[in-house]
$ cat final.txt   # compact mmCIF, C-alpha atoms
# COMPACT_ATOMS: atom_id res chain seq x y z
CA MET I 1 149.41 106.01 66.68
CA ASN I 2 146.12 107.80 66.30
CA LEU I 3 144.82 111.29 66.99
CA PHE I 4 143.99 110.53 70.63
CA SER I 5 147.31 108.82 71.39
CA SER I 6 148.57 111.92 73.21
CA PHE I 7 145.90 111.33 75.86
CA ASP I 8 146.80 107.68 76.44
CA PRO I 9 148.18 107.04 79.94
CA SER I 10 151.40 105.38 78.76
CA SER I 11 155.08 106.16 79.19
CA ASN I 12 158.48 105.03 77.92
CA TRP I 13 159.59 103.78 81.32
CA ASN I 14 158.53 100.79 83.33
CA LEU I 15 156.90 103.13 85.84
CA SER I 16 153.84 105.10 84.79
CA LEU I 17 154.77 108.71 85.52
CA ASN I 18 151.77 110.30 83.81
CA TRP I 19 149.68 111.02 86.87
CA LEU I 20 152.69 112.50 88.67
CA SER I 21 151.68 115.94 87.39
CA SER I 22 148.49 115.78 89.47
CA PHE I 23 150.47 115.30 92.68
CA THR I 24 153.12 117.96 92.09
CA CYS I 25 150.67 120.69 93.11
CA LEU I 26 150.43 119.05 96.54
CA ILE I 27 154.20 119.55 96.85
CA MET I 28 154.53 123.00 95.29
CA LEU I 29 151.40 124.91 96.34
CA PRO I 30 151.66 124.60 100.17
CA SER I 31 155.19 126.02 100.16
CA MET I 32 153.83 129.54 99.72
CA PHE I 33 152.32 129.38 103.20
CA TRP I 34 155.65 128.92 105.02
CA LEU I 35 158.19 130.57 102.72
CA ILE I 36 158.82 134.33 102.66
CA PRO I 37 156.12 135.67 100.29
CA SER I 38 157.32 136.74 96.88
CA ARG I 39 155.39 138.86 94.41
CA ILE I 40 153.90 135.73 92.87
CA ASN I 41 152.78 134.57 96.33
CA LEU I 42 151.23 137.95 97.07
CA LEU I 43 149.40 137.86 93.73
CA TRP I 44 148.10 134.37 94.49
CA ILE I 45 146.96 135.45 97.98
CA LYS I 46 145.13 138.38 96.33
CA ILE I 47 143.39 135.93 93.97
CA ILE I 48 142.45 133.66 96.87
CA ASN I 49 140.97 136.57 98.84
CA THR I 50 138.93 137.65 95.81
CA LEU I 51 137.65 134.10 95.30
CA HIS I 52 136.81 133.84 99.00
CA LYS I 53 134.64 136.96 98.88
CA GLU I 54 132.86 135.80 95.72
CA PHE I 55 132.26 132.25 96.93
CA LYS I 56 131.06 133.54 100.29
CA THR I 57 128.49 135.67 98.46
CA LEU I 58 127.31 132.65 96.46
CA ILE I 59 127.08 130.34 99.46
CA GLY I 60 125.25 132.94 101.55
CA PRO I 61 126.10 135.03 104.61
CA ASN I 62 124.13 132.77 106.96
CA SER I 63 125.93 129.61 105.84
CA ASN I 64 128.35 127.85 108.14
CA GLY I 65 130.23 126.34 105.19
CA SER I 66 133.77 127.32 104.33
CA THR I 67 135.03 128.45 100.94
CA LEU I 68 138.37 126.72 101.52
CA ILE I 69 137.40 123.51 99.72
CA PHE I 70 136.26 125.42 96.61
CA ILE I 71 139.39 127.59 96.52
CA SER I 72 141.51 124.43 96.85
CA LEU I 73 139.50 122.83 94.04
CA PHE I 74 140.08 125.88 91.83
CA SER I 75 143.82 125.85 92.57
CA PHE I 76 144.15 122.11 91.89
CA ILE I 77 142.31 122.22 88.55
CA LEU I 78 144.08 125.41 87.44
CA PHE I 79 147.50 123.93 88.24
CA ASN I 80 146.78 120.72 86.31
CA ASN I 81 145.30 122.60 83.35
CA PHE I 82 148.42 124.74 83.01
CA LEU I 83 150.74 121.75 83.42
CA GLY I 84 148.97 120.06 80.51
CA LEU I 85 150.00 122.93 78.22
CA PHE I 86 153.69 122.05 78.55
CA PRO I 87 155.14 119.56 76.05
CA TYR I 88 155.48 115.91 77.10
CA ILE I 89 153.44 116.40 80.28
CA PHE I 90 150.37 114.24 80.69
CA THR I 91 147.13 116.28 80.82
CA SER I 92 145.34 114.67 83.76
CA THR I 93 142.27 116.94 83.63
CA SER I 94 141.44 115.68 80.13
CA HIS I 95 140.50 112.29 81.59
CA MET I 96 137.11 111.49 83.10
CA VAL I 97 138.88 109.47 85.80
CA LEU I 98 140.12 112.67 87.44
CA THR I 99 137.25 115.05 86.64
CA LEU I 100 134.53 112.62 87.73
CA SER I 101 136.43 111.79 90.91
CA LEU I 102 136.36 115.52 91.72
CA ALA I 103 132.71 116.15 90.80
CA LEU I 104 130.99 112.99 92.04
CA PRO I 105 132.09 113.03 95.74
CA LEU I 106 131.25 116.76 96.00
CA TRP I 107 127.78 116.32 94.49
CA LEU I 108 127.12 113.17 96.52
CA SER I 109 128.10 114.84 99.79
CA PHE I 110 125.85 117.83 99.00
CA MET I 111 122.92 115.55 98.22
CA LEU I 112 123.37 113.43 101.35
CA PHE I 113 123.70 116.52 103.54
CA GLY I 114 120.66 118.18 101.96
CA TRP I 115 118.31 115.20 102.03
CA ILE I 116 119.27 114.21 105.57
CA ASN I 117 119.21 117.67 107.21
CA HIS I 118 116.91 119.74 104.96
CA THR I 119 114.48 117.23 103.47
CA ILE I 120 111.53 119.63 103.07
CA HIS I 121 113.83 122.24 101.53
CA MET I 122 115.13 119.69 99.00
CA PHE I 123 111.58 118.63 98.07
CA ALA I 124 110.69 122.29 97.53
CA HIS I 125 113.58 122.61 95.06
CA LEU I 126 111.99 119.98 92.81
CA ILE I 127 109.11 122.31 91.90
CA PRO I 128 109.98 125.87 90.80
CA GLN I 129 107.88 128.66 92.24
CA GLY I 130 104.80 129.52 90.20
CA THR I 131 104.54 126.13 88.44
CA PRO I 132 100.94 125.25 87.40
CA PRO I 133 99.56 122.17 89.23
CA ILE I 134 99.12 120.23 85.98
CA LEU I 135 102.85 120.56 85.18
CA MET I 136 104.13 119.64 88.65
CA PRO I 137 104.71 115.90 87.94
CA PHE I 138 106.67 116.74 84.80
CA MET I 139 108.70 119.41 86.58
CA VAL I 140 109.62 116.92 89.34
CA CYS I 141 110.92 114.47 86.71
CA ILE I 142 112.84 117.19 84.84
CA GLU I 143 114.38 118.65 88.02
CA THR I 144 115.33 115.18 89.28
CA ILE I 145 117.05 114.26 86.01
CA SER I 146 118.87 117.61 85.84
CA ASN I 147 120.04 117.11 89.42
CA ILE I 148 121.31 113.58 88.78
CA ILE I 149 123.34 114.52 85.69
CA ARG I 150 125.11 117.43 87.43
CA PRO I 151 128.33 115.54 88.30
CA GLY I 152 128.48 114.17 84.76
CA THR I 153 128.09 117.61 83.19
CA LEU I 154 130.76 119.04 85.51
CA ALA I 155 133.20 116.28 84.60
CA ILE I 156 132.47 116.25 80.85
CA ARG I 157 132.64 120.06 80.57
CA LEU I 158 136.13 120.17 82.04
CA SER I 159 137.58 117.17 80.20
CA ALA I 160 135.98 118.03 76.83
CA ASN I 161 137.26 121.62 76.89
CA MET I 162 140.78 120.45 77.73
CA ILE I 163 140.73 117.77 75.02
CA ALA I 164 139.34 120.07 72.29
CA GLY I 165 142.13 122.62 72.36
CA HIS I 166 144.88 120.01 72.64
CA LEU I 167 143.45 118.08 69.68
CA LEU I 168 143.30 121.21 67.53
CA MET I 169 146.92 122.07 68.34
CA THR I 170 147.96 118.47 67.62
CA LEU I 171 146.15 118.47 64.27
CA LEU I 172 147.78 121.71 63.19
CA GLY I 173 151.18 120.61 64.45
CA ASN I 174 151.09 117.33 62.52
CA THR I 175 150.63 119.17 59.23
CA GLY I 176 153.80 121.28 59.70
CA SER I 177 156.17 118.81 58.04
CA SER I 178 154.33 118.96 54.70
CA LEU I 179 154.03 122.75 54.45
CA SER I 180 156.19 125.40 52.85
CA ILE I 181 158.25 127.91 54.83
CA ILE I 182 155.75 130.76 54.34
CA VAL I 183 152.80 128.69 55.51
CA ILE I 184 154.77 127.38 58.48
CA ASN I 185 155.22 130.96 59.69
CA PHE I 186 151.45 131.40 59.72
CA LEU I 187 151.12 128.02 61.42
CA ILE I 188 153.48 129.07 64.22
CA ILE I 189 151.50 132.30 64.77
CA THR I 190 148.27 130.28 64.85
CA GLN I 191 149.77 127.84 67.37
CA ILE I 192 150.87 130.73 69.62
CA LEU I 193 147.36 132.22 69.47
CA LEU I 194 145.85 128.81 70.23
CA LEU I 195 148.22 128.40 73.18
CA THR I 196 147.08 131.79 74.51
CA LEU I 197 143.47 130.71 74.06
CA GLU I 198 144.16 127.44 75.89
CA SER I 199 145.71 129.38 78.77
CA ALA I 200 142.51 131.41 79.07
CA VAL I 201 140.42 128.23 78.81
CA SER I 202 142.47 126.69 81.64
CA ILE I 203 141.61 129.59 83.93
CA ILE I 204 137.96 129.81 82.86
CA GLN I 205 137.24 126.09 83.19
CA SER I 206 138.75 125.85 86.68
CA TYR I 207 136.73 128.91 87.71
CA VAL I 208 133.51 127.51 86.20
CA PHE I 209 134.02 124.17 87.96
CA ALA I 210 134.55 125.85 91.33
CA VAL I 211 131.65 128.32 90.91
CA LEU I 212 129.17 125.62 89.86
CA SER I 213 130.24 123.47 92.82
CA THR I 214 129.65 126.47 95.09
CA LEU I 215 126.20 127.05 93.58
CA TYR I 216 125.27 123.40 94.07
CA SER I 217 126.32 123.61 97.72
CA SER I 218 124.29 126.80 98.25
CA GLU I 219 121.11 124.97 97.21
CA VAL I 220 121.28 122.49 100.07
CA ASN I 221 121.66 125.08 102.84

$ encode --input "final.txt" --output "structure tokens"
Amino acid sequence: MNLFSSFDPSSNWNLSLNWLSSFTCLIMLPSMFWLIPSRINLLWIKIINTLHKEFKTLIGPNSNGSTLIFISLFSFILFNNFLGLFPYIFTSTSHMVLTLSLALPLWLSFMLFGWINHTIHMFAHLIPQGTPPILMPFMVCIETISNIIRPGTLAIRLSANMIAGHLLMTLLGNTGSSLSIIVINFLIITQILLLTLESAVSIIQSYVFAVLSTLYSSEVN
């Protein structure tokens, strides 16, 4: 047992049930579209409409693209981030296997679409406006490298933020058995505050992932 053992994809049964949390959203989320809407459903529809307006502004009014894929991406990541806050549930978004499989196909599809359909536009993106001629070769190299590492930064940002909070809560929780009653009370308050912070991080990171994906798609149109 080490500090990172809570992130190991292992279980006590013969079947590996860890990744089951990633698929439960596919069962639970669509039900709101055919059941009688409750207050939670109406709140979620309000959130979706707000995200649609914001993503549509980022993509551009003249774009033929739909915001549905980015709203679905936001919902999927948010659901998995919140599931990881519950005890004994495997945090799937803390693994690069999931985050990179979300970021890489999106980025690759944007790049293929842009370079095939808007080649001149993509070449123009490699040199920012107003760049001196002597710096143009360096700017092309810098812009190319920054473009290539985009899926990696998307994936690492999400997984690292989810790991950091969980590790801090695990570290503080492991010290509880050796503390006095008074200190344990402060530890419980700290853990509750950290759990609140992790809930906010879950929302923020799913929003950042979806917004950055939307911005990357707007560059190729």

$ atom_distance --input "final.txt" --atom1 "atom CA of Ser199 of chain I" --atom2 "atom CA of Leu35 of chain I"
27.0 Å

$ atom_distance --input "final.txt" --atom1 "atom CA of Ile192 of chain I" --atom2 "atom CA of Tyr207 of chain I"
23.0 Å

$ atom_distance --input "final.txt" --atom1 "atom CA of Phe82 of chain I" --atom2 "atom CA of Ser213 of chain I"
20.7 Å

$ closest_atom_pairs --input "final.txt" --of "segment 36-138 of chain I" --to "segment 162-180 of chain I" --cutoff "9 Å" --atoms "only C-alpha atoms" --output "JSON lines"
{"residue": "I:Asn81", "atom": "CA", "partner": "I:Met162", "partner_atom": "CA", "distance": 7.5}
{"residue": "I:Gly84", "atom": "CA", "partner": "I:Met162", "partner_atom": "CA", "distance": 8.7}
{"residue": "I:Leu85", "atom": "CA", "partner": "I:His166", "partner_atom": "CA", "distance": 8.1}
{"residue": "I:Thr91", "atom": "CA", "partner": "I:Met162", "partner_atom": "CA", "distance": 8.2}
{"residue": "I:Thr93", "atom": "CA", "partner": "I:Met162", "partner_atom": "CA", "distance": 7.0}
{"residue": "I:Ser94", "atom": "CA", "partner": "I:Met162", "partner_atom": "CA", "distance": 5.4}
{"residue": "I:His95", "atom": "CA", "partner": "I:Ile163", "partner_atom": "CA", "distance": 8.6}

$ residues_around --input "final.txt" --residues "Ser22 of chain I" --least-positions-apart "5" --cutoff "9 Å" --atoms "only C-alpha atoms" --output "PDB file with C-alpha atoms, keeping the file's coordinate frame"
ATOM      1  CA  PHE I  76     144.150 122.110  91.890  1.00  0.00           C
ATOM      2  CA  ILE I  77     142.310 122.220  88.550  1.00  0.00           C
ATOM      3  CA  PHE I  79     147.500 123.930  88.240  1.00  0.00           C
ATOM      4  CA  ASN I  80     146.780 120.720  86.310  1.00  0.00           C
ATOM      5  CA  LEU I  83     150.740 121.750  83.420  1.00  0.00           C
ATOM      6  CA  THR I  91     147.130 116.280  80.820  1.00  0.00           C
ATOM      7  CA  SER I  92     145.340 114.670  83.760  1.00  0.00           C
ATOM      8  CA  THR I  93     142.270 116.940  83.630  1.00  0.00           C
TER       9      THR I  93
END

$ closest_residue --input "final.txt" --among "I:Arg157, I:Lys46, I:His125, I:Lys53" --to "Val140 of chain I" --atoms "all atoms listed in the file"
I:His125

$ closest_residue --input "final.txt" --among "I:Thr153, I:Asn18, I:Ile189, I:Ala124" --to "Met96 of chain I" --atoms "all atoms listed in the file"
I:Thr153

$ residues_around --input "final.txt" --residues "Leu212 of chain I" --least-positions-apart "4" --cutoff "10 Å" --atoms "all atoms listed in the file" --output "PyMOL selection string"
chain I and resi 58+70+150+154+207-208+216-218

$ residues_around --input "final.txt" --residues "Phe74 of chain I" --least-positions-apart "4" --cutoff "6 Å" --atoms "only C-alpha atoms" --output "JSON, numbers by chain"
{"I": [78, 206, 210]}

$ closest_residue --input "final.txt" --among "I:Asn41, I:Gln191, I:Ala155, I:Ile181" --to "Leu98 of chain I" --atoms "only C-alpha atoms"
I:Ala155

$ closest_residue --input "final.txt" --among "I:Ile71, I:Ile59, I:Thr24, I:Ile182" --to "Trp44 of chain I" --atoms "all atoms listed in the file"
I:Ile71

$ closest_residue --input "final.txt" --among "I:Ile116, I:Val183, I:Val97, I:Val201" --to "Ile156 of chain I" --atoms "only C-alpha atoms"
I:Val97

$ residues_around --input "final.txt" --residues "Gly114 of chain I" --least-positions-apart "6" --cutoff "8 Å" --atoms "all atoms listed in the file" --output "JSON, numbers by chain"
{"I": [121, 122, 220, 221]}

$ closest_residue --input "final.txt" --among "I:Ser66, I:Ile89, I:Leu215, I:Pro128" --to "Ile142 of chain I" --atoms "all atoms listed in the file"
I:Pro128
